[in-house]
file data_36.cif (mmCIF, C-alpha atoms)
data_structure
#
loop_
_atom_site.group_PDB
_atom_site.id
_atom_site.type_symbol
_atom_site.label_atom_id
_atom_site.label_comp_id
_atom_site.auth_asym_id
_atom_site.auth_seq_id
_atom_site.Cartn_x
_atom_site.Cartn_y
_atom_site.Cartn_z
ATOM 1 C CA MET A 5 -7.523 13.624 -33.054
ATOM 2 C CA THR A 6 -7.873 10.361 -34.986
ATOM 3 C CA ALA A 7 -10.797 7.986 -34.880
ATOM 4 C CA PHE A 8 -8.856 5.626 -32.609
ATOM 5 C CA GLU A 9 -8.074 8.223 -29.928
ATOM 6 C CA PRO A 10 -10.615 8.372 -27.086
ATOM 7 C CA ALA A 11 -12.384 11.660 -26.606
ATOM 8 C CA LEU A 12 -11.431 13.430 -23.406
ATOM 9 C CA LYS A 13 -14.221 14.283 -20.992
ATOM 10 C CA PRO A 14 -14.764 18.032 -20.710
ATOM 11 C CA PRO A 15 -14.069 19.547 -17.312
ATOM 12 C CA PRO A 16 -17.127 20.043 -15.081
ATOM 13 C CA ARG A 17 -18.735 23.439 -15.621
ATOM 14 C CA ASN A 18 -20.641 23.815 -12.362
ATOM 15 C CA ILE A 19 -20.881 22.475 -8.837
ATOM 16 C CA GLY A 20 -23.673 20.075 -9.802
ATOM 17 C CA GLU A 21 -21.541 18.264 -12.350
ATOM 18 C CA ARG A 22 -18.703 18.024 -9.875
ATOM 19 C CA LEU A 23 -20.980 16.495 -7.253
ATOM 20 C CA VAL A 24 -22.269 13.979 -9.785
ATOM 21 C CA ARG A 25 -18.741 12.908 -10.702
ATOM 22 C CA MET A 26 -17.725 12.672 -7.039
ATOM 23 C CA THR A 27 -20.799 10.532 -6.348
ATOM 24 C CA GLN A 28 -19.926 8.204 -9.210
ATOM 25 C CA LYS A 29 -16.386 7.717 -7.857
ATOM 26 C CA ALA A 30 -17.435 7.442 -4.203
ATOM 27 C CA PRO A 31 -17.798 3.604 -4.174
ATOM 28 C CA ILE A 32 -14.270 3.234 -5.585
ATOM 29 C CA HIS A 33 -12.825 5.611 -2.988
ATOM 30 C CA VAL A 34 -14.671 3.859 -0.167
ATOM 31 C CA ALA A 35 -13.398 0.468 -1.333
ATOM 32 C CA LEU A 36 -9.799 1.734 -1.576
ATOM 33 C CA VAL A 37 -9.967 3.267 1.901
ATOM 34 C CA ALA A 38 -11.381 0.024 3.316
ATOM 35 C CA ILE A 39 -8.604 -2.037 1.698
ATOM 36 C CA ALA A 40 -5.957 0.373 2.998
ATOM 37 C CA LEU A 41 -7.334 0.197 6.538
ATOM 38 C CA ILE A 42 -7.448 -3.605 6.480
ATOM 39 C CA TRP A 43 -3.878 -3.693 5.150
ATOM 40 C CA LEU A 44 -2.623 -1.260 7.791
ATOM 41 C CA LEU A 45 -4.544 -2.792 10.692
ATOM 42 C CA PRO A 46 -1.743 -5.165 11.827
ATOM 43 C CA THR A 47 0.803 -2.346 11.670
ATOM 44 C CA ILE A 48 -1.432 -0.040 13.687
ATOM 45 C CA GLY A 49 -1.988 -2.763 16.280
ATOM 46 C CA LEU A 50 1.739 -3.434 16.504
ATOM 47 C CA LEU A 51 2.517 0.253 16.987
ATOM 48 C CA ILE A 52 -0.097 0.682 19.731
ATOM 49 C CA THR A 53 1.076 -2.478 21.500
ATOM 50 C CA SER A 54 4.690 -1.309 21.404
ATOM 51 C CA ILE A 55 3.899 1.890 23.327
ATOM 52 C CA ARG A 56 1.526 0.420 25.939
ATOM 53 C CA PRO A 57 2.701 -0.544 29.445
ATOM 54 C CA ARG A 58 3.053 -4.215 30.306
ATOM 55 C CA ASN A 59 0.121 -4.309 32.706
ATOM 56 C CA GLU A 60 -2.194 -2.720 30.127
ATOM 57 C CA ILE A 61 -1.193 -5.268 27.484
ATOM 58 C CA GLN A 62 -1.896 -8.156 29.826
ATOM 59 C CA ALA A 63 -5.235 -6.682 30.925
ATOM 60 C CA SER A 64 -6.798 -5.700 27.588
ATOM 61 C CA GLY A 65 -6.338 -5.692 23.832
ATOM 62 C CA TRP A 66 -4.730 -2.866 21.869
ATOM 63 C CA TRP A 67 -8.072 -1.836 20.340
ATOM 64 C CA THR A 68 -9.248 -0.604 23.748
ATOM 65 C CA VAL A 69 -7.262 2.585 23.198
ATOM 66 C CA PHE A 70 -10.084 3.755 20.950
ATOM 67 C CA ALA A 71 -12.383 3.548 23.969
ATOM 68 C CA GLY A 72 -10.272 6.060 25.881
ATOM 69 C CA HIS A 73 -7.605 3.872 27.534
ATOM 70 C CA LEU A 74 -4.761 6.211 26.591
ATOM 71 C CA ASP A 75 -1.784 5.119 28.692
ATOM 72 C CA PHE A 76 1.380 5.177 26.584
ATOM 73 C CA THR A 77 5.096 4.858 27.358
ATOM 74 C CA ILE A 78 8.413 4.737 25.498
ATOM 75 C CA SER A 79 10.138 2.572 28.093
ATOM 76 C CA ASN A 80 9.563 -0.469 25.888
ATOM 77 C CA TYR A 81 11.809 0.982 23.199
ATOM 78 C CA GLN A 82 14.395 2.041 25.766
ATOM 79 C CA GLN A 83 14.562 -1.504 27.108
ATOM 80 C CA VAL A 84 14.856 -3.013 23.639
ATOM 81 C CA LEU A 85 17.671 -0.673 22.620
ATOM 82 C CA ALA A 86 19.539 -1.053 25.905
ATOM 83 C CA GLN A 87 19.135 -4.758 26.699
ATOM 84 C CA GLY A 88 18.183 -6.301 23.375
ATOM 85 C CA ASN A 89 21.249 -5.015 21.477
ATOM 86 C CA MET A 90 18.916 -3.687 18.794
ATOM 87 C CA LEU A 91 20.864 -0.448 18.454
ATOM 88 C CA SER A 92 24.062 -2.234 17.402
ATOM 89 C CA ALA A 93 21.973 -4.528 15.205
ATOM 90 C CA PHE A 94 20.478 -1.438 13.549
ATOM 91 C CA PHE A 95 23.931 -0.190 12.553
ATOM 92 C CA ASN A 96 24.810 -3.683 11.321
ATOM 93 C CA SER A 97 21.680 -3.648 9.141
ATOM 94 C CA VAL A 98 22.674 -0.269 7.710
ATOM 95 C CA SER A 99 26.209 -1.553 7.044
ATOM 96 C CA ILE A 100 24.748 -4.467 5.102
ATOM 97 C CA VAL A 101 21.927 -2.694 3.281
ATOM 98 C CA VAL A 102 23.713 0.386 1.923
ATOM 99 C CA PRO A 103 26.451 -1.403 -0.085
ATOM 100 C CA SER A 104 24.034 -4.203 -1.025
ATOM 101 C CA THR A 105 21.752 -1.580 -2.584
ATOM 102 C CA ILE A 106 24.322 0.675 -4.242
ATOM 103 C CA LEU A 107 26.382 -2.094 -5.888
ATOM 104 C CA PRO A 108 23.420 -3.710 -7.723
ATOM 105 C CA LEU A 109 22.212 -0.290 -8.877
ATOM 106 C CA ILE A 110 25.577 0.531 -10.431
ATOM 107 C CA LEU A 111 26.203 -2.850 -12.034
ATOM 108 C CA SER A 112 22.616 -3.382 -13.186
ATOM 109 C CA SER A 113 22.376 0.044 -14.801
ATOM 110 C CA MET A 114 25.629 -0.422 -16.727
ATOM 111 C CA ALA A 115 24.678 -3.925 -17.913
ATOM 112 C CA ALA A 116 21.148 -2.811 -18.832
ATOM 113 C CA PHE A 117 22.553 0.060 -20.891
ATOM 114 C CA ALA A 118 24.756 -2.368 -22.787
ATOM 115 C CA PHE A 119 21.845 -4.716 -23.510
ATOM 116 C CA ALA A 120 19.630 -1.806 -24.592
ATOM 117 C CA TRP A 121 21.889 0.437 -26.675
ATOM 118 C CA ILE A 122 25.149 -1.354 -27.505
ATOM 119 C CA ARG A 123 25.245 -3.948 -30.277
ATOM 120 C CA PHE A 124 27.615 -6.894 -29.755
ATOM 121 C CA PRO A 125 27.583 -10.550 -30.827
ATOM 122 C CA GLY A 126 25.309 -12.793 -28.778
ATOM 123 C CA ARG A 127 23.593 -9.905 -27.007
ATOM 124 C CA ASP A 128 20.086 -11.387 -27.114
ATOM 125 C CA LEU A 129 21.262 -14.859 -26.102
ATOM 126 C CA LEU A 130 23.226 -13.440 -23.191
ATOM 127 C CA PHE A 131 20.238 -11.379 -22.091
ATOM 128 C CA LEU A 132 17.996 -14.468 -22.132
ATOM 129 C CA THR A 133 20.632 -16.267 -20.051
ATOM 130 C CA VAL A 134 20.550 -13.470 -17.483
ATOM 131 C CA ILE A 135 16.761 -13.623 -17.344
ATOM 132 C CA GLY A 136 16.954 -17.391 -16.907
ATOM 133 C CA MET A 137 18.979 -16.853 -13.732
ATOM 134 C CA LEU A 138 15.818 -15.504 -12.122
ATOM 135 C CA LEU A 139 14.620 -19.117 -11.928
ATOM 136 C CA ILE A 140 17.543 -20.280 -9.763
ATOM 137 C CA PRO A 141 16.543 -20.503 -6.074
ATOM 138 C CA ALA A 142 18.994 -18.829 -3.746
ATOM 139 C CA GLN A 143 18.885 -21.795 -1.360
ATOM 140 C CA MET A 144 20.539 -24.048 -3.961
ATOM 141 C CA THR A 145 23.710 -21.956 -3.912
ATOM 142 C CA PHE A 146 24.280 -21.582 -0.173
ATOM 143 C CA ILE A 147 26.537 -24.625 0.264
ATOM 144 C CA PRO A 148 28.914 -23.903 -2.669
ATOM 145 C CA LEU A 149 28.980 -20.203 -1.833
ATOM 146 C CA SER A 150 29.765 -20.941 1.819
ATOM 147 C CA ARG A 151 32.657 -23.163 0.751
ATOM 148 C CA LEU A 152 33.888 -20.479 -1.633
ATOM 149 C CA VAL A 153 33.777 -17.863 1.127
ATOM 150 C CA GLY A 154 35.803 -20.153 3.380
ATOM 151 C CA GLN A 155 38.387 -20.822 0.669
ATOM 152 C CA MET A 156 38.788 -17.079 0.040
ATOM 153 C CA HIS A 157 39.107 -16.394 3.792
ATOM 154 C CA LEU A 158 36.373 -13.759 3.722
ATOM 155 C CA GLY A 159 34.590 -14.945 6.853
ATOM 156 C CA GLY A 160 34.144 -12.448 9.663
ATOM 157 C CA SER A 161 33.421 -9.510 7.337
ATOM 158 C CA PHE A 162 30.443 -8.049 5.483
ATOM 159 C CA ILE A 163 32.004 -8.696 2.069
ATOM 160 C CA PRO A 164 30.350 -12.119 1.495
ATOM 161 C CA ILE A 165 26.829 -10.890 2.191
ATOM 162 C CA TRP A 166 27.413 -7.795 0.050
ATOM 163 C CA LEU A 167 28.494 -9.967 -2.882
ATOM 164 C CA VAL A 168 25.663 -12.494 -2.433
ATOM 165 C CA HIS A 169 22.954 -9.831 -2.294
ATOM 166 C CA THR A 170 24.473 -8.129 -5.331
ATOM 167 C CA ALA A 171 24.681 -11.334 -7.356
ATOM 168 C CA PHE A 172 21.073 -12.325 -6.755
ATOM 169 C CA ALA A 173 19.819 -8.797 -7.432
ATOM 170 C CA LEU A 174 21.512 -8.420 -10.816
ATOM 171 C CA PRO A 175 19.145 -10.513 -13.012
ATOM 172 C CA PHE A 176 16.005 -8.689 -11.911
ATOM 173 C CA GLY A 177 17.780 -5.316 -11.912
ATOM 174 C CA ILE A 178 19.078 -5.801 -15.445
ATOM 175 C CA PHE A 179 15.645 -6.935 -16.630
ATOM 176 C CA LEU A 180 13.836 -3.964 -15.060
ATOM 177 C CA LEU A 181 16.288 -1.272 -16.171
ATOM 178 C CA ARG A 182 16.768 -2.657 -19.665
ATOM 179 C CA ASN A 183 13.002 -2.500 -20.244
ATOM 180 C CA PHE A 184 13.065 1.146 -19.173
ATOM 181 C CA PHE A 185 16.176 2.101 -21.163
ATOM 182 C CA ILE A 186 14.757 0.843 -24.459
ATOM 183 C CA THR A 187 11.826 3.260 -24.087
ATOM 184 C CA LEU A 188 14.141 6.289 -24.085
ATOM 185 C CA PRO A 189 14.059 8.389 -27.289
ATOM 186 C CA LYS A 190 16.245 6.739 -29.897
ATOM 187 C CA ASP A 191 16.788 10.044 -31.685
ATOM 188 C CA LEU A 192 18.326 11.511 -28.541
ATOM 189 C CA ILE A 193 20.857 8.678 -28.281
ATOM 190 C CA GLU A 194 21.732 8.865 -31.978
ATOM 191 C CA ALA A 195 22.118 12.640 -31.836
ATOM 192 C CA ALA A 196 24.568 12.275 -28.976
ATOM 193 C CA ARG A 197 26.578 9.718 -30.974
ATOM 194 C CA ILE A 198 26.661 12.046 -33.988
ATOM 195 C CA ASP A 199 27.985 14.811 -31.736
ATOM 196 C CA GLY A 200 30.858 12.525 -30.754
ATOM 197 C CA ALA A 201 29.655 11.285 -27.374
ATOM 198 C CA GLY A 202 30.873 7.853 -26.372
ATOM 199 C CA ASN A 203 28.931 5.189 -24.547
ATOM 200 C CA VAL A 204 30.213 6.367 -21.175
ATOM 201 C CA ASP A 205 29.113 9.954 -21.795
ATOM 202 C CA ILE A 206 25.715 8.856 -23.123
ATOM 203 C CA PHE A 207 25.169 6.642 -20.113
ATOM 204 C CA ARG A 208 26.299 9.221 -17.581
ATOM 205 C CA ARG A 209 24.801 12.389 -19.050
ATOM 206 C CA ILE A 210 21.657 11.169 -20.821
ATOM 207 C CA VAL A 211 20.489 7.734 -19.707
ATOM 208 C CA VAL A 212 21.012 8.032 -15.957
ATOM 209 C CA PRO A 213 19.324 11.464 -15.545
ATOM 210 C CA LEU A 214 16.320 10.283 -17.596
ATOM 211 C CA SER A 215 16.035 7.008 -15.668
ATOM 212 C CA VAL A 216 15.748 8.277 -12.105
ATOM 213 C CA PRO A 217 12.255 6.721 -11.577
ATOM 214 C CA ALA A 218 13.426 3.255 -12.663
ATOM 215 C CA LEU A 219 16.638 3.502 -10.645
ATOM 216 C CA ALA A 220 14.713 4.642 -7.572
ATOM 217 C CA SER A 221 12.209 1.807 -8.010
ATOM 218 C CA LEU A 222 14.980 -0.784 -8.193
ATOM 219 C CA GLY A 223 16.704 0.851 -5.212
ATOM 220 C CA ILE A 224 13.507 0.572 -3.146
ATOM 221 C CA PHE A 225 13.041 -3.071 -4.126
ATOM 222 C CA GLN A 226 16.614 -3.966 -3.267
ATOM 223 C CA PHE A 227 16.557 -1.997 -0.010
ATOM 224 C CA LEU A 228 13.393 -3.731 1.179
ATOM 225 C CA TRP A 229 14.620 -7.182 0.194
ATOM 226 C CA THR A 230 17.985 -6.704 1.883
ATOM 227 C CA TRP A 231 16.606 -5.054 5.022
ATOM 228 C CA ASN A 232 13.997 -7.793 5.549
ATOM 229 C CA ASP A 233 16.366 -10.644 4.700
ATOM 230 C CA LEU A 234 16.892 -13.313 7.351
ATOM 231 C CA LEU A 235 18.186 -16.417 5.590
ATOM 232 C CA MET A 236 21.208 -14.889 3.845
ATOM 233 C CA ALA A 237 22.087 -12.933 6.974
ATOM 234 C CA LEU A 238 22.099 -16.158 9.014
ATOM 235 C CA VAL A 239 24.438 -17.825 6.524
ATOM 236 C CA PHE A 240 26.790 -15.073 5.350
ATOM 237 C CA ALA A 241 26.728 -12.235 7.902
ATOM 238 C CA PRO A 242 29.528 -12.257 10.518
ATOM 239 C CA ARG A 243 28.592 -13.350 14.020
ATOM 240 C CA GLN A 244 29.464 -9.942 15.456
ATOM 241 C CA GLY A 245 27.573 -8.159 12.678
ATOM 242 C CA GLN A 246 24.106 -9.696 12.825
ATOM 243 C CA PRO A 247 21.330 -7.408 11.476
ATOM 244 C CA MET A 248 18.046 -6.622 13.183
ATOM 245 C CA THR A 249 16.171 -9.472 11.503
ATOM 246 C CA VAL A 250 18.536 -11.977 13.134
ATOM 247 C CA GLN A 251 18.740 -10.154 16.448
ATOM 248 C CA ILE A 252 14.963 -10.153 16.852
ATOM 249 C CA THR A 253 14.930 -13.963 16.664
ATOM 250 C CA THR A 254 17.091 -14.071 19.785
ATOM 251 C CA LEU A 255 14.457 -11.995 21.585
ATOM 252 C CA LEU A 256 11.883 -14.702 20.867
ATOM 253 C CA GLY A 257 13.797 -17.024 23.148
ATOM 254 C CA THR A 258 14.641 -14.472 25.822
ATOM 255 C CA TYR A 259 11.379 -12.504 25.893
ATOM 256 C CA ALA A 260 8.937 -15.012 24.399
ATOM 257 C CA SER A 261 6.131 -13.997 26.772
ATOM 258 C CA GLU A 262 6.970 -10.290 26.888
ATOM 259 C CA TRP A 263 4.720 -9.003 24.108
ATOM 260 C CA TYR A 264 5.577 -5.365 24.698
ATOM 261 C CA ILE A 265 9.297 -6.071 24.102
ATOM 262 C CA LEU A 266 8.664 -8.076 20.947
ATOM 263 C CA ALA A 267 6.229 -5.474 19.622
ATOM 264 C CA ALA A 268 8.720 -2.647 20.133
ATOM 265 C CA ALA A 269 11.516 -4.632 18.490
ATOM 266 C CA SER A 270 9.286 -5.616 15.564
ATOM 267 C CA PHE A 271 8.209 -2.046 14.930
ATOM 268 C CA LEU A 272 11.841 -0.899 15.000
ATOM 269 C CA VAL A 273 12.536 -3.365 12.196
ATOM 270 C CA MET A 274 9.520 -2.092 10.226
ATOM 271 C CA VAL A 275 9.883 1.658 10.652
ATOM 272 C CA VAL A 276 12.867 2.164 8.330
ATOM 273 C CA PRO A 277 11.376 0.306 5.312
ATOM 274 C CA LEU A 278 8.080 2.127 5.829
ATOM 275 C CA ALA A 279 9.839 5.495 5.894
ATOM 276 C CA VAL A 280 11.847 4.688 2.760
ATOM 277 C CA PHE A 281 8.813 3.425 0.862
ATOM 278 C CA PHE A 282 6.486 6.306 1.681
ATOM 279 C CA SER A 283 9.168 8.932 1.002
ATOM 280 C CA LEU A 284 9.972 7.459 -2.439
ATOM 281 C CA GLN A 285 6.615 5.991 -3.444
ATOM 282 C CA ARG A 286 6.237 8.482 -6.301
ATOM 283 C CA TYR A 287 9.350 7.093 -7.990
ATOM 284 C CA PHE A 288 8.299 3.563 -7.064
ATOM 285 C CA VAL A 289 5.034 3.836 -9.005
ATOM 286 C CA GLN A 290 6.746 5.472 -11.973
ATOM 287 C CA GLY A 291 9.357 2.743 -12.040
ATOM 288 C CA LEU A 292 6.752 -0.024 -11.951
ATOM 289 C CA LEU A 293 5.045 1.534 -14.973
ATOM 290 C CA ALA A 294 8.357 1.803 -16.840
ATOM 291 C CA GLY A 295 8.074 0.351 -20.307
ATOM 292 C CA SER A 296 4.343 -0.346 -20.055
ATOM 293 C CA VAL A 297 3.400 2.490 -22.433
ATOM 294 C CA LYS A 298 5.398 3.823 -25.340
#
call {"tool": "encode", "arguments": {"input": "data_36.cif", "output": "structure tokens"}}
result
Amino acid sequence: MTAFEPALKPPPRNIGERLVRMTQKAPIHVALVAIALIWLLPTIGLLITSIRPRNEIQASGWWTVFAGHLDFTISNYQQVLAQGNMLSAFFNSVSIVVPSTILPLILSSMAAFAFAWIRFPGRDLLFLTVIGMLLIPAQMTFIPLSRLVGQMHLGGSFIPIWLVHTAFALPFGIFLLRNFFITLPKDLIEAARIDGAGNVDIFRRIVVPLSVPALASLGIFQFLWTWNDLLMALVFAPRQGQPMTVQITTLLGTYASEWYILAAASFLVMVVPLAVFFSLQRYFVQGLLAGSVK
């Protein structure tokens, strides 16, 4: 160990030392729990409201369930799925999100590999140009893109919204993955080249397996952005293929005063992103830390 390396704390030898360390960390844990509860409070309230009967919602607030008012029902969700067309909107959302997540992952990973490990003229200038595209607001491109879609006769299908989501995801995806790829062991890449492996083999057999955390992190980002998107869906999604974010706006006009319907519909929109995030949060954290430490 050099003089610049911090000394590691020895493990606690007895119960007393463990209690002392737990006491020292207790304020941090209490603060984190308090922040998590405050952050989750709206979601908890929305969930409880979505499973309460109409008369209970009109008579008291959702927090009264903690006082023993436990009267729950799933009829709210049944009504939303049957009369609100949320079930068909759910499948439309899946039809939009899956290709709009897979395409940017494939294209971003290939471009990032080229910027990280393939030398070609103007590589750095081209990479800076790609990063500069992050500054372009999506709203500025809606009119020319809409005209282009009309000229190519692509209206009435999911292809325009797939391409738009992919195009706007590429700059950030390339930036994130390139920063991760350059941290991979250089000796491993050079050894593969000496053994006769081409760029395709190196990318497929070495880079991709070692970059699962970064790829999963980008996939989570893109999934959440696409699933929660409203503006691009209003402009580019077909009329018969509106996702849940658009369909729920129609409920605001039809069931504006029916809080139990709106709560159930809102939680249906939230439940899939929550499930995806919590199931892949380990890769999400690893991907966010990609490139921060060498």
call {"tool": "closest_residue", "arguments": {"input": "data_36.cif", "among": "A:Met90, A:Leu109, A:Ala40, A:Leu132", "to": "Leu272 in chain A", "atoms": "all atoms listed in the file"}}
result
A:Met90
call {"tool": "resolve_selection", "arguments": {"input": "data_36.cif", "expression": "the PyMOL selection byres ((chain A and resi 140-143) around 12)", "output": "PDB file with C-alpha atoms, in the coordinates of the input"}}
result
ATOM      1  CA  THR A 133      20.632 -16.267 -20.051  1.00  0.00           C
ATOM      2  CA  VAL A 134      20.550 -13.470 -17.483  1.00  0.00           C
ATOM      3  CA  ILE A 135      16.761 -13.623 -17.344  1.00  0.00           C
ATOM      4  CA  GLY A 136      16.954 -17.391 -16.907  1.00  0.00           C
ATOM      5  CA  MET A 137      18.979 -16.853 -13.732  1.00  0.00           C
ATOM      6  CA  LEU A 138      15.818 -15.504 -12.122  1.00  0.00           C
ATOM      7  CA  LEU A 139      14.620 -19.117 -11.928  1.00  0.00           C
ATOM      8  CA  MET A 144      20.539 -24.048  -3.961  1.00  0.00           C
ATOM      9  CA  THR A 145      23.710 -21.956  -3.912  1.00  0.00           C
ATOM     10  CA  PHE A 146      24.280 -21.582  -0.173  1.00  0.00           C
ATOM     11  CA  ILE A 147      26.537 -24.625   0.264  1.00  0.00           C
ATOM     12  CA  PRO A 148      28.914 -23.903  -2.669  1.00  0.00           C
ATOM     13  CA  LEU A 149      28.980 -20.203  -1.833  1.00  0.00           C
ATOM     14  CA  SER A 150      29.765 -20.941   1.819  1.00  0.00           C
ATOM     15  CA  VAL A 168      25.663 -12.494  -2.433  1.00  0.00           C
ATOM     16  CA  HIS A 169      22.954  -9.831  -2.294  1.00  0.00           C
ATOM     17  CA  ALA A 171      24.681 -11.334  -7.356  1.00  0.00           C
ATOM     18  CA  PHE A 172      21.073 -12.325  -6.755  1.00  0.00           C
ATOM     19  CA  ALA A 173      19.819  -8.797  -7.432  1.00  0.00           C
ATOM     20  CA  PRO A 175      19.145 -10.513 -13.012  1.00  0.00           C
ATOM     21  CA  PHE A 176      16.005  -8.689 -11.911  1.00  0.00           C
ATOM     22  CA  LEU A 235      18.186 -16.417   5.590  1.00  0.00           C
ATOM     23  CA  MET A 236      21.208 -14.889   3.845  1.00  0.00           C
ATOM     24  CA  VAL A 239      24.438 -17.825   6.524  1.00  0.00           C
TER      25      VAL A 239
END
call {"tool": "residues_around", "arguments": {"input": "data_36.cif", "residues": "range 68-76 of chain A", "least_positions_apart": "6", "cutoff": "7 Å", "atoms": "all atoms listed in the file", "output": "JSON, numbers by chain"}}
result
{"A": [55, 56, 57]}
call {"tool": "resolve_selection", "arguments": {"input": "data_36.cif", "expression": "the PyMOL selection byres ((chain A and resi 81) around 12)", "output": "VMD selection string"}}
result
chain A and resid 51 53 to 57 76 to 80 82 to 91 264 to 273
call {"tool": "resolve_selection", "arguments": {"input": "data_36.cif", "expression": "the PyMOL selection byres ((chain A and resi 240) around 8)", "output": "VMD selection string"}}
result
chain A and resid 150 159 162 164 to 165 236 to 239 241 to 242
call {"tool": "residues_near_point", "arguments": {"input": "data_36.cif", "point": "(17.1, -5.3, -5.0)", "cutoff": "7 Å", "atoms": "only C-alpha atoms", "output": "PyMOL selection string"}}
result
chain A and resi 105+173+177+222-223+225-227+229
call {"tool": "axis_aligned_box", "arguments": {"input": "data_36.cif", "around": "range 130-147 of chain A", "padding_each_side": "3 Å", "output": "lines of an AutoDock Vina configuration file"}}
result
center_x = 20.6
center_y = -18.0
center_z = -11.5
size_x = 17.9
size_y = 19.2
size_z = 29.5
call {"tool": "closest_residue", "arguments": {"input": "data_36.cif", "among": "A:Leu158, A:Ala196, A:Val98, A:Ile178", "to": "Pro277 in chain A", "atoms": "all atoms listed in the file"}}
result
A:Val98
call {"tool": "closest_residue", "arguments": {"input": "data_36.cif", "among": "A:Ala201, A:Asn96, A:Gly154, A:Trp263", "to": "Trp66 in chain A", "atoms": "all atoms listed in the file"}}
result
A:Trp263
call {"tool": "atom_distance", "arguments": {"input": "data_36.cif", "atom1": "CA of Phe185 in chain A", "atom2": "CA of Ala120 in chain A"}}
result
6.2 Å
call {"tool": "residues_around", "arguments": {"input": "data_36.cif", "residues": "Ile206 in chain A", "least_positions_apart": "3", "cutoff": "12 Å", "atoms": "all atoms listed in the file", "output": "list of chain:residue names"}}
result
A:Met114, A:Phe117, A:Ala118, A:Trp121, A:Ile122, A:Phe185, A:Leu188, A:Lys190, A:Leu192, A:Ile193, A:Glu194, A:Ala195, A:Ala196, A:Arg197, A:Ile198, A:Asp199, A:Gly200, A:Ala201, A:Gly202, A:Asn203, A:Arg209, A:Ile210, A:Val211, A:Val212, A:Pro213, A:Leu214
call {"tool": "closest_residue", "arguments": {"input": "data_36.cif", "among": "A:Ser113, A:Pro217, A:Pro125, A:Arg286", "to": "Leu174 in chain A", "atoms": "all atoms listed in the file"}}
result
A:Ser113
call {"tool": "closest_residue", "arguments": {"input": "data_36.cif", "among": "A:Ile52, A:Leu234, A:Leu181, A:Leu130", "to": "Ser112 in chain A", "atoms": "only C-alpha atoms"}}
result
A:Leu181
call {"tool": "atom_distance", "arguments": {"input": "data_36.cif", "atom1": "CA of Ala116 in chain A", "atom2": "CA of Thr170 in chain A"}}
result
14.9 Å
call {"tool": "atom_distance", "arguments": {"input": "data_36.cif", "atom1": "CA of Phe94 in chain A", "atom2": "CA of Asp233 in chain A"}}
result
13.4 Å
